[in-house]
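Please read the structure below before turning to the comments.
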Amino acid sequence: MNAILPDAAMRCSGRVLTNNPVSSGLIRLDLELDAAPGFEPGQFAMINLKGTGAFVFSRPFSILAVKEQVLSLLYRVVGGGTSAMQQLRPDDQMTVLGPLGRPFAAPTDELPVVLIGGGVGLPPVWAWLKQNGRADDLGFFGARDGADVPWDLLDEKWRVSVDNHQYVPADRIAWQGLVPDLVAREISADDNQPRLVMACGPIPLLKAAADLARDRGWQCQVSLEEHMGCGYGACKGCVVPVIDLNNTAAGWRNATCCQEGPVFWAETIDWSRYGRHDFDVID
Ligand SMILES: Cc1cc2nc3c(=O)[nH]c(=O)nc-3n(C[C@H](O)[C@H](O)[C@H](O)COP(=O)(O)OP(=O)(O)OC[C@H]3O[C@@H](n4cnc5c(N)ncnc54)[C@H](O)[C@@H]3O)c2cc1C
Ligand code: FES
């Protein structure tokens with residue numbers, strides 16, 4: 001695949017409007033851009049600080065929402081880049097490149113969608129439900145505990161699970177357990193409705209969602225999070241192992257997460273290698 005910046009992607013400045021926590025671990029960043037970008041749920045943007053504080057590599061973040069010229073992201077502080085983002089104040093300037101990557105599938109009449117988000121995997125599935133959600137589409141969100149849930153973002157369409165039941169507000173409902181198990185409980189095994197799962201979150205969640213979908217005969221798309229350098233296919237720093245039926249000797253190949261993904265059909269991922277960073281030396 002050629003490393004060509006997608007036509008729809010724009011490089012622009014973003015002025016910080018707000019940068020506030022929406023739960024104990026998640027922060028919402030609203031940026032006012034130079035122009036209004038289009039985006040499809042599942043796409044992401046590469047974000048960086050401006051000026052001397054800028055990082056060598058921008059950081060990828062799924063797009064939560066775009067309203068006119070305001071781009072919204074949801075992030076968790078995990079390292080240097082996100083720590084610096086946490087310090088941003090209104091009127092600080094950022095650089096933004098996006099939208100990038102392949103989005104989740106568009107809605108089709110015959111396939112209700114099951115959205116599964118874990119922790120910071122919420123933005124792309126939240127964006128899909130917000131933009132496309134119909135009566136039969138269901139949203140499931142899993143968090144560590146009640147304090148980690150961005151309750152104000154989750155309306156009645158969302159079912160919530162928590163690893164630990166602490167801090168769940170008295171007027172909200174959360175089931176204790178893993179979010180794919182909540183999906184299995186809520187949609188009976190006798191239900192014969194064909195469905196399409198869209199999942200984003202930690203690798204064990206993605207594997208469990210893919211396994212559940214396979215067992216139920218549902219289709220499944222997963223959005224993967226890899227370290228990224230460029231965001232559009234130039235650096236090859238973001239590869240994930242996918243099944244390659246044309247390459248009969250190896251049976252798999254490296255696919256760029258930024259360009260061929262981040263959304264992949266679950267059955268195309270080589271789950272025996274995915275998440276292992278030594279996979280390129282396996283026979
Ligand atoms: C397509 C895509 C969408 C993403 N969307 C979001 C989002 O909506 N919200 C959000 O908070 N994060 C998201 N991420 C992850 C985000 O890019 C990383 O958390 C961020 O780059 C970390 O930067 P840092 O400098 O703070 O951490 P670093 O100092 O670079 O790393 C700190 C820790 O985080 C791990 N890490 C860093 N980058 C990633 C990554 N890309 N995937 C998995 N682990 C990583 C490192 O291994 C290390 O353990 C997304 C990643 C991708 C590829
Ligand atoms: S991030 Fe550079 S090729 Fe994917």
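Starting from 1 in every chain, residues are counted up; chains themselves are A, B, ... following the order of the structure tokens, and ligands are numbered from 1 as listed.
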Wanna dump the chain A-ligand 2 contacts at 6 Å for me, each residue with its shortest atom pair and the distance in Å to one decimal, counting only C-alpha atoms and all ligand atoms, ordered by chain and number, as a Markdown table?
| residue | atom | partner | partner_atom_place_in_ligand_line | distance |
| --- | --- | --- | --- | --- |
| A:Met228 | CA | ligand 2 | 1 (S) | 3.8 |
| A:Gly229 | CA | ligand 2 | 1 (S) | 4.3 |
| A:Cys230 | CA | ligand 2 | 2 (Fe) | 3.9 |
| A:Gly231 | CA | ligand 2 | 1 (S) | 3.9 |
| A:Tyr232 | CA | ligand 2 | 4 (Fe) | 5.5 |
| A:Gly233 | CA | ligand 2 | 3 (S) | 3.4 |
| A:Ala234 | CA | ligand 2 | 3 (S) | 4.6 |
| A:Cys235 | CA | ligand 2 | 2 (Fe) | 3.8 |
| A:Lys236 | CA | ligand 2 | 3 (S) | 3.6 |
| A:Gly237 | CA | ligand 2 | 2 (Fe) | 5.0 |
| A:Cys238 | CA | ligand 2 | 4 (Fe) | 4.5 |
| A:Thr256 | CA | ligand 2 | 4 (Fe) | 5.1 |
| A:Cys257 | CA | ligand 2 | 4 (Fe) | 5.7 |
| A:Cys258 | CA | ligand 2 | 4 (Fe) | 4.4 |
I need the residues from that last selection saved to file as an mmCIF file, in the first residue's frame (with C-alpha atoms), if you can.
data_model
loop_
_atom_site.group_PDB
_atom_site.id
_atom_site.type_symbol
_atom_site.label_atom_id
_atom_site.label_comp_id
_atom_site.auth_asym_id
_atom_site.auth_seq_id
_atom_site.Cartn_x
_atom_site.Cartn_y
_atom_site.Cartn_z
ATOM 1 C CA MET A 228 1.983 4.915 15.612
ATOM 2 C CA GLY A 229 4.605 7.198 14.095
ATOM 3 C CA CYS A 230 3.029 8.843 11.065
ATOM 4 C CA GLY A 231 -0.627 7.720 11.016
ATOM 5 C CA TYR A 232 -0.922 7.166 7.253
ATOM 6 C CA GLY A 233 1.299 4.317 6.104
ATOM 7 C CA ALA A 234 4.755 5.893 5.751
ATOM 8 C CA CYS A 235 6.746 4.595 8.727
ATOM 9 C CA LYS A 236 5.478 0.975 9.051
ATOM 10 C CA GLY A 237 5.680 1.363 12.808
ATOM 11 C CA CYS A 238 2.158 0.171 13.519
ATOM 12 C CA THR A 256 -0.475 -1.266 8.784
ATOM 13 C CA CYS A 257 -2.922 -0.508 11.556
ATOM 14 C CA CYS A 258 -3.128 3.174 10.566
#
Using only C-alpha atoms and all ligand atoms, find each protein or nucleic acid residue lying at most 8 Å from ligand 1; present the set as a PyMOL selection string. chain A and resi 26+42-45+58-64+73-84+101+120-124+223-228+238+257-258+261-262
I'd like to know which residues of segment 20-239 of chain A are helix (DSSP H, G or I) (by DSSP, run on the backbone); could you write them as an MDAnalysis selection string? chainID A and resid 51:53 80:86 119:132 146:148 151:153 179:186 203:216
May I have the residues within 12 Å of Val222 of chain A as a VMD selection string, using only C-alpha atoms and disregarding those fewer than 5 positions away in the same chain? chain A and resid 42 102 to 105 114 to 118 121 124 to 125 196 to 211 213 257 261 to 269 271
Restrict the selected residues to C-alpha atoms and save them as an mmCIF file, in the first residue's frame.
data_model
loop_
_atom_site.group_PDB
_atom_site.id
_atom_site.type_symbol
_atom_site.label_atom_id
_atom_site.label_comp_id
_atom_site.auth_asym_id
_atom_site.auth_seq_id
_atom_site.Cartn_x
_atom_site.Cartn_y
_atom_site.Cartn_z
ATOM 1 C CA GLY A 42 -13.699 4.565 13.977
ATOM 2 C CA ARG A 102 -10.641 2.962 7.969
ATOM 3 C CA PRO A 103 -13.853 3.484 9.917
ATOM 4 C CA PHE A 104 -16.398 1.003 11.219
ATOM 5 C CA ALA A 105 -18.972 -0.228 8.691
ATOM 6 C CA VAL A 114 -23.720 -4.505 19.090
ATOM 7 C CA LEU A 115 -21.208 -1.866 20.206
ATOM 8 C CA ILE A 116 -18.679 -2.921 22.830
ATOM 9 C CA GLY A 117 -16.280 -0.393 24.367
ATOM 10 C CA GLY A 118 -13.808 -0.980 27.170
ATOM 11 C CA GLY A 121 -12.000 2.234 23.758
ATOM 12 C CA PRO A 124 -15.183 5.119 18.308
ATOM 13 C CA VAL A 125 -18.145 2.980 19.406
ATOM 14 C CA LEU A 196 -22.658 -7.078 13.679
ATOM 15 C CA VAL A 197 -20.351 -6.494 16.659
ATOM 16 C CA MET A 198 -18.081 -3.424 16.720
ATOM 17 C CA ALA A 199 -15.539 -3.468 19.543
ATOM 18 C CA CYS A 200 -12.722 -1.283 20.827
ATOM 19 C CA GLY A 201 -10.718 -1.749 24.017
ATOM 20 C CA PRO A 202 -7.903 -3.852 25.482
ATOM 21 C CA ILE A 203 -6.792 -6.939 23.562
ATOM 22 C CA PRO A 204 -8.492 -9.473 25.923
ATOM 23 C CA LEU A 205 -11.776 -7.604 25.408
ATOM 24 C CA LEU A 206 -11.339 -7.685 21.634
ATOM 25 C CA LYS A 207 -10.563 -11.404 21.664
ATOM 26 C CA ALA A 208 -13.562 -12.126 23.895
ATOM 27 C CA ALA A 209 -15.829 -10.030 21.655
ATOM 28 C CA ALA A 210 -14.520 -11.852 18.563
ATOM 29 C CA ASP A 211 -15.022 -15.253 20.245
ATOM 30 C CA ALA A 213 -19.402 -13.156 17.801
ATOM 31 C CA CYS A 257 -2.922 -0.508 11.556
ATOM 32 C CA GLY A 261 -7.138 -0.310 9.985
ATOM 33 C CA PRO A 262 -7.544 0.629 12.740
ATOM 34 C CA VAL A 263 -10.853 -1.178 12.133
ATOM 35 C CA PHE A 264 -10.414 -4.770 10.915
ATOM 36 C CA TRP A 265 -12.798 -7.678 10.447
ATOM 37 C CA ALA A 266 -12.091 -9.888 13.467
ATOM 38 C CA GLU A 267 -11.627 -13.052 11.393
ATOM 39 C CA THR A 268 -8.768 -11.433 9.462
ATOM 40 C CA ILE A 269 -6.648 -10.852 12.592
ATOM 41 C CA TRP A 271 -4.997 -13.736 17.059
#
Tell me, as a ChimeraX atom specification, which residues lie within 9 Å of segment 126-142 of chain A, counting only C-alpha atoms; anything in the same chain fewer than 6 positions away does not count. /A:40-42,63-65,104,106-107,111-119,149,153-154,157-163,177-180,182-183
Which of these, A:Ala35, A:Ala174, A:Trp218, A:Asp270, has the shortest distance to Val240 of chain A once you count only C-alpha atoms?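 The closest residue to Val240 of chain A is A:Asp270.
Computed from the coordinates, the atom CA of Val66 of chain A to atom CA of Lys50 of chain A distance equals 21.2 Å.
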